[in-house]
file target-v2.txt (compact mmCIF, C-alpha atoms)
# COMPACT_ATOMS: atom_id res chain seq x y z
CA MET A 136 42.25 68.11 10.11
CA ASN A 137 43.77 70.02 13.01
CA LYS A 138 40.30 71.25 13.98
CA LEU A 139 38.92 67.69 13.88
CA PHE A 140 41.84 66.44 15.97
CA PHE A 141 41.26 69.18 18.54
CA ILE A 142 37.56 68.28 18.83
CA LEU A 143 38.41 64.59 19.20
CA LEU A 144 41.00 65.35 21.88
CA THR A 145 38.48 67.47 23.78
CA LEU A 146 35.91 64.65 23.67
CA ILE A 147 38.48 62.13 24.92
CA ALA A 148 39.51 64.44 27.77
CA SER A 149 35.87 64.97 28.67
CA PHE A 150 35.25 61.20 28.65
CA TYR A 151 38.11 60.46 31.02
CA THR A 152 37.14 63.31 33.32
CA ARG A 153 33.68 61.76 33.64
CA LEU A 154 35.13 58.28 33.97
CA GLU A 155 37.31 59.36 36.88
CA GLY A 156 34.34 60.99 38.59
CA ASN A 157 35.86 64.46 38.66
CA GLU A 158 32.62 66.26 37.93
CA PRO A 159 31.73 68.87 40.57
CA GLU A 160 28.44 67.08 41.28
CA ASN A 161 30.19 63.84 42.23
CA TYR A 162 30.11 63.95 46.02
CA LEU A 163 31.72 60.54 46.33
CA ILE A 164 34.89 62.32 45.22
CA TYR A 165 34.13 65.09 47.72
CA HIS A 166 34.00 62.64 50.63
CA GLN A 167 37.14 60.86 49.41
CA LYS A 168 38.99 64.19 49.46
CA ILE A 169 37.81 64.97 52.99
CA VAL A 170 39.12 61.56 54.08
CA GLU A 171 42.42 62.27 52.29
CA ALA A 172 42.78 65.55 54.18
CA GLU A 173 42.11 63.85 57.51
CA LYS A 174 44.59 61.06 56.76
CA LEU A 175 47.31 63.62 56.07
CA ILE A 176 46.57 65.53 59.28
CA PHE A 177 45.91 62.74 61.77
CA LEU A 178 47.86 59.76 60.41
CA ALA A 179 50.71 61.17 58.31
CA GLU A 180 51.17 64.18 60.61
CA LYS A 181 51.32 66.53 57.62
CA PRO A 182 48.80 69.17 58.73
CA LEU A 183 49.63 71.82 56.14
CA GLU A 184 49.23 69.35 53.30
CA GLY A 185 45.94 68.20 54.77
CA LEU A 186 44.67 71.76 55.11
CA LYS A 187 45.56 72.39 51.47
CA VAL A 188 43.40 69.41 50.46
CA PHE A 189 40.50 70.90 52.45
CA GLN A 190 41.10 74.15 50.58
CA GLN A 191 41.08 72.43 47.18
CA VAL A 192 37.85 70.54 47.78
CA PHE A 193 36.06 73.62 49.16
CA GLU A 194 37.10 75.56 46.06
CA GLN A 195 35.86 72.81 43.75
CA TYR A 196 32.37 72.43 45.23
CA ASP A 197 29.78 75.16 45.67
CA PHE A 198 27.73 73.29 48.26
CA VAL A 199 29.81 71.74 51.03
CA PHE A 200 28.81 70.32 54.41
CA VAL A 201 29.11 72.96 57.12
CA ASP A 202 30.60 70.47 59.61
CA ASP A 203 33.54 69.85 57.27
CA CYS A 204 34.23 73.59 57.06
CA VAL A 205 34.01 74.00 60.82
CA GLU A 206 36.41 71.09 61.35
CA ALA A 207 38.91 72.54 58.86
CA PHE A 208 38.48 76.03 60.38
CA GLN A 209 39.42 74.86 63.88
CA LEU A 210 42.40 72.87 62.58
CA ALA A 211 43.65 75.85 60.56
CA LEU A 212 43.48 77.98 63.72
CA PHE A 213 45.29 75.31 65.71
CA TYR A 214 48.12 75.23 63.17
CA GLN A 215 48.18 79.06 63.00
CA GLN A 216 47.08 79.27 59.37
CA ASP A 217 44.85 82.32 59.69
CA ALA A 218 44.37 82.90 55.95
CA LEU A 219 43.10 79.35 55.49
CA ALA A 220 40.98 79.62 58.64
CA LEU A 221 39.29 82.73 57.25
CA SER A 222 38.56 81.07 53.90
CA PHE A 223 37.16 77.95 55.62
CA LEU A 224 34.92 80.01 57.88
CA LYS A 225 33.67 82.06 54.94
CA LYS A 226 32.87 78.87 53.05
CA ALA A 227 30.81 77.70 56.03
CA ILE A 228 28.99 81.04 56.13
CA ALA A 229 28.25 80.75 52.40
CA ASN A 230 26.61 77.41 53.21
CA GLY A 231 24.35 78.67 55.97
CA LEU A 232 26.47 78.95 59.11
CA LYS A 233 25.88 81.93 61.38
CA ILE A 234 28.92 83.11 63.32
CA ARG A 235 26.92 82.88 66.56
CA MET A 236 26.66 79.11 66.09
CA LEU A 237 30.39 78.67 66.73
CA ASP A 238 29.70 79.33 70.40
CA HIS A 239 27.84 75.99 70.52
CA LEU A 240 30.95 73.95 69.68
CA ILE A 241 31.66 71.60 72.57
CA CYS A 242 34.91 69.97 73.69
CA PRO A 243 34.80 66.16 73.87
CA ASN A 244 34.18 64.86 77.38
CA GLU A 245 33.69 61.19 78.12
CA ASN A 246 31.63 61.94 81.23
CA ALA A 247 29.30 64.44 79.61
CA ASN A 248 25.92 63.83 78.02
CA TRP A 249 25.88 65.87 74.82
CA SER A 250 22.12 66.26 74.65
CA GLU A 251 22.14 67.77 78.13
CA LYS A 252 25.23 69.85 77.40
CA SER A 253 23.68 71.43 74.33
CA ASN A 254 20.89 72.97 76.41
CA SER A 255 22.74 73.63 79.65
CA THR A 256 23.59 77.12 80.85
CA SER A 257 25.46 76.04 83.97
CA LEU A 258 28.52 74.48 82.36
CA TYR A 259 32.02 75.68 82.99
CA LYS A 260 33.27 77.90 80.20
CA SER A 261 36.05 75.42 79.45
CA SER A 262 33.44 72.88 78.29
CA TYR A 263 33.05 74.90 75.12
CA VAL A 264 35.55 75.34 72.31
CA GLN A 265 37.47 78.59 72.72
CA ILE A 266 39.96 78.56 69.84
CA HIS A 267 37.80 80.71 67.55
CA LYS A 268 37.01 83.50 70.02
CA ASP A 269 39.94 85.87 69.43
CA PHE A 270 39.95 85.18 65.71
CA VAL A 271 36.26 86.03 65.30
CA GLN A 272 36.73 89.17 67.37
CA ARG A 273 39.67 90.25 65.22
CA TYR A 274 37.78 89.80 61.94
CA GLN A 275 34.36 90.72 63.31
CA THR A 276 33.62 93.61 60.93
CA ASP A 277 34.67 91.69 57.82
CA LEU A 278 32.82 88.54 58.88
CA LYS A 279 29.58 90.33 59.72
CA LYS A 280 29.59 92.10 56.37
CA TYR A 281 30.31 88.83 54.56
CA GLU A 282 27.58 87.06 56.53
CA GLU A 283 24.99 89.63 55.46
CA GLN A 284 26.04 89.44 51.80
CA GLN A 285 26.12 85.67 51.64
CA PHE A 286 22.76 85.23 53.36
CA GLU A 287 21.00 86.65 50.31
CA ASN A 288 22.97 84.32 48.02
CA PHE A 289 22.27 81.33 50.26
CA LEU A 290 18.48 81.66 50.53
CA PRO A 291 17.67 80.53 46.95
CA ARG A 292 19.36 77.18 47.69
CA ILE A 293 16.73 76.32 50.29
CA ASN A 294 13.56 74.52 49.24
CA LYS A 295 11.11 76.47 51.36
CA LYS A 296 8.19 74.04 50.94
CA LEU A 297 10.30 71.02 51.82
CA LEU A 298 11.90 72.76 54.79
CA LYS A 299 8.49 73.72 56.16
CA LYS A 300 7.17 70.19 55.65
CA ILE A 301 10.16 68.49 57.28
CA LEU A 302 9.95 70.89 60.26
CA GLU A 303 6.25 70.12 60.70
CA LYS A 304 6.97 66.38 60.62
CA HIS A 305 9.80 66.76 63.14
CA ILE A 306 7.55 68.69 65.53
CA ARG A 307 4.69 66.20 65.26
CA GLU A 308 7.04 63.27 65.77
CA GLN A 309 8.69 64.79 68.84
CA ALA A 310 5.31 65.63 70.33
CA ALA A 311 4.10 62.06 69.73
CA LYS A 312 7.26 60.71 71.34
CA GLN A 313 7.39 62.93 74.42
CA CYS A 314 3.94 64.37 75.13
CA GLY A 315 1.57 61.40 75.48
CA LYS A 316 0.56 62.33 79.01
CA GLU A 317 -0.21 65.92 77.96
CA MET A 318 -2.34 64.54 75.11
CA GLY A 319 -4.32 62.41 77.58
CA ASN A 320 -3.20 59.09 76.14
CA THR A 321 -2.05 55.92 77.84
CA LYS A 322 1.57 54.93 77.36
CA GLU A 323 0.57 52.05 75.07
CA LYS A 324 -1.73 54.18 72.92
CA GLN A 325 0.86 56.92 72.61
CA GLN A 326 3.51 54.40 71.56
CA ASN A 327 1.22 53.26 68.76
CA ILE A 328 0.61 56.86 67.70
CA TYR A 329 4.35 57.56 67.77
CA GLN A 330 5.13 54.52 65.60
CA GLN A 331 2.44 55.54 63.13
CA VAL A 332 3.89 59.06 62.87
CA CYS A 333 7.42 57.65 62.41
CA ASP A 334 6.19 55.39 59.60
CA GLU A 335 4.32 58.25 57.90
CA ASN A 336 7.43 60.42 58.04
CA LEU A 337 9.69 57.74 56.58
CA ASN A 338 7.15 56.97 53.85
CA PHE A 339 7.06 60.66 52.94
CA ILE A 340 10.85 60.83 52.60
CA ALA A 341 11.07 57.51 50.75
CA ALA A 342 8.37 58.61 48.29
CA LEU A 343 10.43 61.71 47.49
CA PHE A 344 13.60 59.65 47.06
CA LYS A 345 11.74 57.26 44.75
CA GLN A 346 10.95 60.26 42.51
CA LYS A 347 14.62 61.31 42.72
CA ILE A 348 13.65 64.30 44.86
CA TYR A 349 16.33 64.08 47.51
CA VAL A 350 16.40 66.05 50.75
CA GLY A 351 19.30 66.91 52.99
CA GLU A 352 21.56 69.74 54.05
CA ARG A 353 22.05 70.67 50.42
CA ASN A 354 18.46 71.93 50.00
CA LEU A 355 17.31 72.26 53.63
CA GLY A 356 20.45 73.85 55.09
CA ILE A 357 21.35 73.51 58.75
CA LEU A 358 18.84 74.86 61.26
CA ASN A 359 19.09 78.63 60.93
CA TYR A 360 16.60 80.88 62.70
CA ASP A 361 17.23 83.72 60.23
CA VAL A 362 16.14 81.50 57.34
CA LEU A 363 12.92 80.55 59.14
CA GLU A 364 12.20 84.19 59.91
CA ARG A 365 12.76 85.26 56.29
CA PHE A 366 10.53 82.47 55.00
CA GLU A 367 7.93 83.22 57.71
CA ILE A 368 7.99 79.62 58.93
CA PRO A 369 6.75 79.50 62.54
CA TYR A 370 8.90 77.46 64.93
CA LEU A 371 10.37 78.66 68.24
CA ASN A 372 9.84 81.75 70.37
CA GLU A 373 12.54 83.74 72.17
CA ASN A 374 12.62 81.09 74.93
CA ASN A 375 13.29 78.24 72.48
CA ARG A 376 9.76 76.92 73.01
CA LEU A 377 7.37 76.09 70.18
CA GLN A 378 5.11 78.94 69.13
CA PRO A 379 1.67 78.81 70.82
CA SER A 380 -0.07 78.43 67.44
CA ILE A 381 1.92 75.23 66.77
CA LEU A 382 1.14 73.79 70.21
CA GLN A 383 -2.55 74.57 69.77
CA SER A 384 -2.56 72.77 66.41
CA LEU A 385 -1.27 69.69 68.28
CA ASN A 386 -3.97 70.07 70.97
CA LEU A 387 -1.30 70.91 73.54
CA SER A 388 -1.38 73.71 76.08
CA VAL A 389 0.80 76.76 75.38
CA ASN A 390 3.04 75.80 78.33
CA THR A 391 3.91 72.35 76.97
CA TYR A 392 7.59 71.71 76.32
CA VAL A 393 8.31 69.69 73.18
CA PRO A 394 12.04 68.85 72.78
CA VAL A 395 12.73 69.87 69.19
CA GLN A 396 16.03 70.82 67.59
CA THR A 397 17.42 74.26 68.35
CA GLU A 398 20.43 76.19 67.09
CA ALA A 399 22.15 75.24 70.34
CA ASN A 400 22.46 71.63 69.18
CA VAL A 401 23.04 72.34 65.49
CA PHE A 402 26.35 70.44 65.57
CA TYR A 403 24.83 67.50 67.43
CA ILE A 404 21.78 66.52 65.41
CA ASN A 405 19.80 67.64 62.40
CA ILE A 406 16.07 67.38 61.94
CA LEU A 407 16.07 65.06 58.93
CA TYR A 408 18.51 62.62 60.55
CA ASN A 409 16.45 62.69 63.74
CA ILE A 410 13.40 61.54 61.76
CA LEU A 411 15.35 58.78 60.00
CA PHE A 412 17.00 57.55 63.18
CA HIS A 413 13.69 57.20 64.97
CA ASN A 414 12.50 54.63 62.44
CA LYS A 415 14.22 51.25 62.52
CA LYS A 416 13.27 50.68 58.88
CA SER A 417 15.12 53.72 57.49
CA TYR A 418 18.32 51.82 56.73
CA SER A 419 16.56 49.21 54.59
CA VAL A 420 13.91 51.50 53.06
CA LEU A 421 16.54 53.95 51.76
CA SER A 422 18.99 51.27 50.64
CA ASN A 423 17.94 51.47 46.99
CA TYR A 424 18.40 55.24 46.87
CA GLN A 425 21.26 55.95 49.25
CA GLU A 426 24.10 55.65 46.71
CA GLU A 427 22.65 58.23 44.32
CA ALA A 428 21.53 60.49 47.18
CA ILE A 429 25.10 60.43 48.56
CA ASN A 430 26.63 60.95 45.13
CA LEU A 431 24.47 64.03 44.54
CA GLY A 432 25.37 65.56 47.91
CA TYR A 433 22.08 65.18 49.78
CA LEU A 434 22.64 62.21 52.07
CA HIS A 435 25.88 62.14 54.06
CA PRO A 436 27.55 58.68 53.99
CA ARG A 437 28.01 58.68 57.76
CA GLU A 438 24.34 59.46 58.27
CA TYR A 439 23.19 56.51 56.21
CA ALA A 440 25.81 54.11 57.60
CA SER A 441 24.99 54.98 61.20
CA LEU A 442 21.31 54.17 60.67
CA GLN A 443 22.24 50.50 60.76
CA TYR A 444 22.64 50.72 64.54
CA ASN A 445 18.93 51.35 64.88
CA HIS A 446 18.02 48.95 62.08
CA PHE A 447 19.31 45.88 63.89
CA GLN A 448 18.09 44.99 67.35
CA LYS A 449 20.20 46.32 70.20
CA ASP A 450 23.34 44.27 70.81
CA LYS A 451 22.49 42.04 67.81
CA LEU A 452 24.36 43.84 65.07
CA PRO A 453 25.86 41.19 62.76
CA GLU A 454 29.61 41.08 63.23
CA ASP A 455 30.18 41.59 59.51
CA ASN A 456 28.30 44.91 59.65
CA GLU A 457 30.22 46.47 62.56
CA LEU A 458 31.53 49.86 61.42
CA TYR A 459 32.52 51.14 64.87
CA LEU A 460 30.65 54.38 64.29
CA ARG A 461 30.02 55.16 67.93
CA GLU A 462 32.49 56.50 70.49
CA PHE A 463 36.00 56.46 68.98
CA THR A 464 37.77 55.68 72.25
CA GLU A 465 38.73 52.07 71.58
CA GLU A 466 41.92 51.01 69.83
CA LEU A 467 41.19 47.96 67.67
CA GLU A 468 43.30 44.85 67.15
CA ASP A 469 44.93 44.73 63.71
CA LYS A 470 42.79 41.82 62.51
CA VAL A 471 39.56 43.49 63.59
CA GLU A 472 40.61 46.87 62.22
CA LYS A 473 41.33 45.45 58.73
CA LYS A 474 37.87 43.89 58.66
CA VAL A 475 36.21 47.09 59.86
CA ASP A 476 38.12 49.25 57.36
CA LYS A 477 37.12 47.02 54.45
CA LEU A 478 33.47 47.51 55.35
CA ARG A 479 33.92 51.22 56.04
CA LYS A 480 35.39 51.70 52.56
CA LYS A 481 32.21 50.26 51.02
CA HIS A 482 30.26 52.91 52.92
CA HIS A 483 32.61 55.74 51.78
CA LEU A 484 33.95 56.19 55.31
CA PRO A 485 37.52 56.78 56.52
CA PRO A 486 39.62 54.03 58.11
CA TYR A 487 38.78 53.57 61.77
CA LYS A 488 42.19 54.86 62.85
CA VAL A 489 41.40 58.28 61.33
CA ASP A 490 38.35 58.63 63.58
CA TYR A 491 40.25 57.28 66.57
CA LYS A 492 43.18 59.70 66.12
CA LYS A 493 40.88 62.61 65.33
CA TYR A 494 38.86 62.03 68.48
CA GLN A 495 42.03 61.81 70.58
CA PHE A 496 43.31 65.03 69.02
CA SER A 497 40.03 66.86 69.65
CA GLU A 498 39.94 65.69 73.27
CA GLN A 499 43.53 66.75 73.92
CA ASN A 500 43.10 70.19 72.34
CA CYS A 501 39.49 71.06 73.19
CA LEU A 502 38.20 71.10 69.63
CA GLN A 503 34.99 69.69 68.20
CA LEU A 504 36.03 67.68 65.16
CA CYS A 505 33.38 64.93 65.36
CA PHE A 506 29.78 65.89 64.68
CA GLY A 507 26.28 64.55 64.60
CA PHE A 508 24.42 62.09 66.79
CA ARG A 509 26.76 60.42 69.30
CA LYS A 510 29.55 62.39 67.63
CA ALA A 511 29.54 59.86 64.81
CA SER A 512 26.86 60.58 62.20
CA ARG A 513 28.77 63.41 60.47

call {"tool": "encode", "arguments": {"input": "target-v2.txt", "output": "structure tokens"}}
result
Amino acid sequence: MNKLFFILLTLIASFYTRLEGNEPENYLIYHQKIVEAEKLIFLAEKPLEGLKVFQQVFEQYDFVFVDDCVEAFQLALFYQQDALALSFLKKAIANGLKIRMLDHLICPNENANWSEKSNSTSLYKSSYVQIHKDFVQRYQTDLKKYEEQQFENFLPRINKKLLKKILEKHIREQAAKQCGKEMGNTKEKQQNIYQQVCDENLNFIAALFKQKIYVGERNLGILNYDVLERFEIPYLNENNRLQPSILQSLNLSVNTYVPVQTEANVFYINILYNILFHNKKSYSVLSNYQEEAINLGYLHPREYASLQYNHFQKDKLPEDNELYLREFTEELEDKVEKKVDKLRKKHHLPPYKVDYKKYQFSEQNCLQLCFGFRKASR
């Protein structure tokens, strides 16, 4: 009888655990915890409690989004919690970050164009985040050793065939968008070619999603040159230009510049999101799959939500769909904020005030805490 009771109790406990969504694969819970941590830090002004929540969620999930780790890492350094900072940085490394990428973190600047900043070499040093410099130098030996060890563990997570395919589609799309003149096409003809490529790319991704084959940072990683080298996937040369063989396959001269993603803008855009953003139909086409893709950790809720800004015609976004997912420099009226927050909650996003306070904090302290396209898609 005692044995039967024990089994029954175990089944009941298991049922409620599943009911509450506490399974490690439930990334809706993951995103809720990240929001909880940010609320504690930026609204409740309880930074240590917030950092502990970051720690708990990173311990619970094997795959985590690198941007979340990098945010938590900078905050831990700011609040002089070196042990937590080290664990957050190591978690980012375990998920594909290279230490060198930290040097591409950029301080918020209202007057700066991020796409230009990410490729500029003439900026003042103060334009870049500095808080990690001494810390990385202090732990350099340990971090380098850990980076080498974790790289081998990280590689099996990446779907090599999908990564190669998505890269090829990104390159072709960027060439179609930017290199019409070099291809000898009129502006009108090139626009038609570009739209066709965008549609083909979205159809490819949607077909995968329909088969429940989801793609995202979880199985593509962030852009990492070492991964491409190990998998022998051709991409950029030492000058961050496409390899001549790739340009030739596109019928472009070897001197043609095609603006593709580089490691220098790894915190600003990712290749998959770039493809989705370029197609105005992405928001509606993925609508039937986005909830499961988010729940399984492939699609980031901010990425999907922000696609609505390209789905609706410019300046014609329905008022009821306004998430305020662009620059977080505007303080909202209470009535508007309540409406926005209700909609944000449906999209698994934090209250607007969290983003507003976080952006203010990052601007005041020269930290990069907002990521993705227009600092709002991650």

call {"tool": "closest_residue", "arguments": {"input": "target-v2.txt", "among": "A:Arg353, A:Lys347, A:His267, A:Lys296", "to": "A:Glu160", "atoms": "only C-alpha atoms"}}
result
A:Arg353

call {"tool": "residues_around", "arguments": {"input": "target-v2.txt", "residues": "A:Glu427", "least_positions_apart": "6", "cutoff": "10 Å", "atoms": "only C-alpha atoms", "output": "ChimeraX atom specification"}}
result
/A:161-163,344,347,349,433-434

call {"tool": "closest_residue", "arguments": {"input": "target-v2.txt", "among": "A:Phe402, A:Gln443, A:Ile228, A:Glu335", "to": "A:Lys304", "atoms": "only C-alpha atoms"}}
result
A:Glu335

call {"tool": "closest_residue", "arguments": {"input": "target-v2.txt", "among": "A:Val395, A:Val362, A:Leu232, A:Leu278", "to": "A:Ile306", "atoms": "all atoms listed in the file"}}
result
A:Val395

call {"tool": "closest_residue", "arguments": {"input": "target-v2.txt", "among": "A:Lys473, A:Arg235, A:Lys225, A:Lys322", "to": "A:Pro486", "atoms": "only C-alpha atoms"}}
result
A:Lys473

call {"tool": "atom_distance", "arguments": {"input": "target-v2.txt", "atom1": "atom CA of A:Ala440", "atom2": "atom CA of A:Leu458"}}
result
8.1 Å

call {"tool": "closest_residue", "arguments": {"input": "target-v2.txt", "among": "A:Leu504, A:Leu221, A:Val205, A:Ala341", "to": "A:Gln425", "atoms": "only C-alpha atoms"}}
result
A:Ala341

call {"tool": "atom_distance", "arguments": {"input": "target-v2.txt", "atom1": "atom CA of A:Tyr408", "atom2": "atom CA of A:Ala310"}}
result
16.7 Å

call {"tool": "residues_around", "arguments": {"input": "target-v2.txt", "residues": "A:Gln325", "least_positions_apart": "4", "cutoff": "8 Å", "atoms": "only C-alpha atoms", "output": "tab-separated table (two decimals) with C-alpha atoms, in the coordinates of the input"}}
result
chain	number	residue	atom	x	y	z
A	311	ALA	CA	4.10	62.06	69.73
A	312	LYS	CA	7.26	60.71	71.34
A	315	GLY	CA	1.57	61.40	75.48
A	320	ASN	CA	-3.20	59.09	76.14
A	321	THR	CA	-2.05	55.92	77.84
A	329	TYR	CA	4.35	57.56	67.77

call {"tool": "atom_distance", "arguments": {"input": "target-v2.txt", "atom1": "atom CA of A:Gln191", "atom2": "atom CA of A:Lys168"}}
result
8.8 Å

call {"tool": "residues_near_point", "arguments": {"input": "target-v2.txt", "point": "(37.2, 72.0, 72.4)", "cutoff": "7 Å", "atoms": "all atoms listed in the file", "output": "PyMOL selection string"}}
result
chain A and resi 241-243+263-265+497-498+500-503

call {"tool": "closest_residue", "arguments": {"input": "target-v2.txt", "among": "A:Gln309, A:Thr276, A:Gln383, A:Asn327", "to": "A:Gln396", "atoms": "all atoms listed in the file"}}
result
A:Gln309

call {"tool": "residues_around", "arguments": {"input": "target-v2.txt", "residues": "A:Gln215", "least_positions_apart": "4", "cutoff": "12 Å", "atoms": "all atoms listed in the file", "output": "ChimeraX atom specification"}}
result
/A:182-183,186,208-211,219-221,266-267,270

call {"tool": "write_last_selection", "arguments": {"input": "target-v2.txt", "atoms": "C-alpha atoms", "output": "PDB file, in the frame of the given file"}}
result
ATOM      1  CA  PRO A 182      48.800  69.170  58.730  1.00  0.00           C
ATOM      2  CA  LEU A 183      49.630  71.820  56.140  1.00  0.00           C
ATOM      3  CA  LEU A 186      44.670  71.760  55.110  1.00  0.00           C
ATOM      4  CA  PHE A 208      38.480  76.030  60.380  1.00  0.00           C
ATOM      5  CA  GLN A 209      39.420  74.860  63.880  1.00  0.00           C
ATOM      6  CA  LEU A 210      42.400  72.870  62.580  1.00  0.00           C
ATOM      7  CA  ALA A 211      43.650  75.850  60.560  1.00  0.00           C
ATOM      8  CA  LEU A 219      43.100  79.350  55.490  1.00  0.00           C
ATOM      9  CA  ALA A 220      40.980  79.620  58.640  1.00  0.00           C
ATOM     10  CA  LEU A 221      39.290  82.730  57.250  1.00  0.00           C
ATOM     11  CA  ILE A 266      39.960  78.560  69.840  1.00  0.00           C
ATOM     12  CA  HIS A 267      37.800  80.710  67.550  1.00  0.00           C
ATOM     13  CA  PHE A 270      39.950  85.180  65.710  1.00  0.00           C
TER      14      PHE A 270
END

call {"tool": "residues_near_point", "arguments": {"input": "target-v2.txt", "point": "(36.2, 45.5, 57.1)", "cutoff": "10 Å", "atoms": "all atoms listed in the file", "output": "list in words"}}
result
Asp455, Asn456, Glu457, Leu458, Lys470, Val471, Glu472, Lys473, Lys474, Val475, Asp476, Lys477, Leu478, Arg479, Lys480, Lys481, Pro486 and Tyr487 of chain A

call {"tool": "axis_aligned_box", "arguments": {"input": "target-v2.txt", "around": "stretch 298-316 of chain A", "padding_each_side": "4 Å", "output": "lines of an AutoDock Vina configuration file"}}
result
center_x = 6.2
center_y = 67.2
center_z = 66.9
size_x = 19.3
size_y = 21.0
size_z = 32.2

call {"tool": "residues_around", "arguments": {"input": "target-v2.txt", "residues": "stretch 367-378 of chain A", "least_positions_apart": "4", "cutoff": "8 Å", "atoms": "all atoms listed in the file", "output": "PyMOL selection string"}}
result
chain A and resi 299+363+382+389+392-393+397

call {"tool": "decode", "arguments": {"input": "target-v2.txt", "residues": "stretch 421-426 of chain A", "atoms": "all heavy atoms", "output": "mmCIF file, in the first residue's frame"}}
result
data_model
loop_
_atom_site.group_PDB
_atom_site.id
_atom_site.type_symbol
_atom_site.label_atom_id
_atom_site.label_comp_id
_atom_site.auth_asym_id
_atom_site.auth_seq_id
_atom_site.Cartn_x
_atom_site.Cartn_y
_atom_site.Cartn_z
ATOM 1 N N LEU A 421 3.999 33.216 -40.202
ATOM 2 C CA LEU A 421 4.485 32.435 -39.053
ATOM 3 C C LEU A 421 3.510 32.420 -37.879
ATOM 4 O O LEU A 421 3.792 31.796 -36.851
ATOM 5 C CB LEU A 421 5.830 32.989 -38.576
ATOM 6 C CG LEU A 421 6.987 32.948 -39.578
ATOM 7 C CD1 LEU A 421 8.268 33.444 -38.922
ATOM 8 C CD2 LEU A 421 7.190 31.550 -40.148
ATOM 9 N N SER A 422 2.377 33.089 -38.028
ATOM 10 C CA SER A 422 1.459 33.242 -36.895
ATOM 11 C C SER A 422 0.956 31.909 -36.346
ATOM 12 O O SER A 422 0.735 31.770 -35.134
ATOM 13 C CB SER A 422 0.269 34.128 -37.292
ATOM 14 O OG SER A 422 -0.464 33.530 -38.350
ATOM 15 N N ASN A 423 0.777 30.924 -37.211
ATOM 16 C CA ASN A 423 0.269 29.625 -36.757
ATOM 17 C C ASN A 423 1.323 28.788 -36.035
ATOM 18 O O ASN A 423 0.976 27.806 -35.375
ATOM 19 C CB ASN A 423 -0.271 28.818 -37.949
ATOM 20 C CG ASN A 423 -1.522 29.422 -38.532
ATOM 21 O OD1 ASN A 423 -2.305 30.066 -37.830
ATOM 22 N ND2 ASN A 423 -1.720 29.247 -39.828
ATOM 23 N N TYR A 424 2.589 29.165 -36.183
ATOM 24 C CA TYR A 424 3.671 28.357 -35.620
ATOM 25 C C TYR A 424 4.442 29.062 -34.509
ATOM 26 O O TYR A 424 5.217 28.443 -33.787
ATOM 27 C CB TYR A 424 4.670 27.969 -36.727
ATOM 28 C CG TYR A 424 4.020 27.579 -38.022
ATOM 29 C CD1 TYR A 424 4.128 28.385 -39.156
ATOM 30 C CD2 TYR A 424 3.273 26.407 -38.134
ATOM 31 C CE1 TYR A 424 3.520 28.047 -40.358
ATOM 32 C CE2 TYR A 424 2.670 26.045 -39.327
ATOM 33 C CZ TYR A 424 2.789 26.872 -40.444
ATOM 34 O OH TYR A 424 2.180 26.525 -41.621
ATOM 35 N N GLN A 425 4.238 30.368 -34.389
ATOM 36 C CA GLN A 425 5.108 31.161 -33.517
ATOM 37 C C GLN A 425 5.022 30.754 -32.046
ATOM 38 O O GLN A 425 6.019 30.749 -31.338
ATOM 39 C CB GLN A 425 4.819 32.662 -33.687
ATOM 40 C CG GLN A 425 3.377 33.103 -33.485
ATOM 41 C CD GLN A 425 3.044 33.471 -32.074
ATOM 42 O OE1 GLN A 425 3.940 33.689 -31.253
ATOM 43 N NE2 GLN A 425 1.769 33.543 -31.758
ATOM 44 N N GLU A 426 3.839 30.356 -31.574
ATOM 45 C CA GLU A 426 3.697 30.031 -30.151
ATOM 46 C C GLU A 426 4.517 28.798 -29.787
ATOM 47 O O GLU A 426 5.233 28.782 -28.783
ATOM 48 C CB GLU A 426 2.219 29.814 -29.804
ATOM 49 C CG GLU A 426 1.919 29.831 -28.317
ATOM 50 C CD GLU A 426 2.024 31.220 -27.695
ATOM 51 O OE1 GLU A 426 2.093 32.216 -28.436
ATOM 52 O OE2 GLU A 426 2.058 31.306 -26.448
#
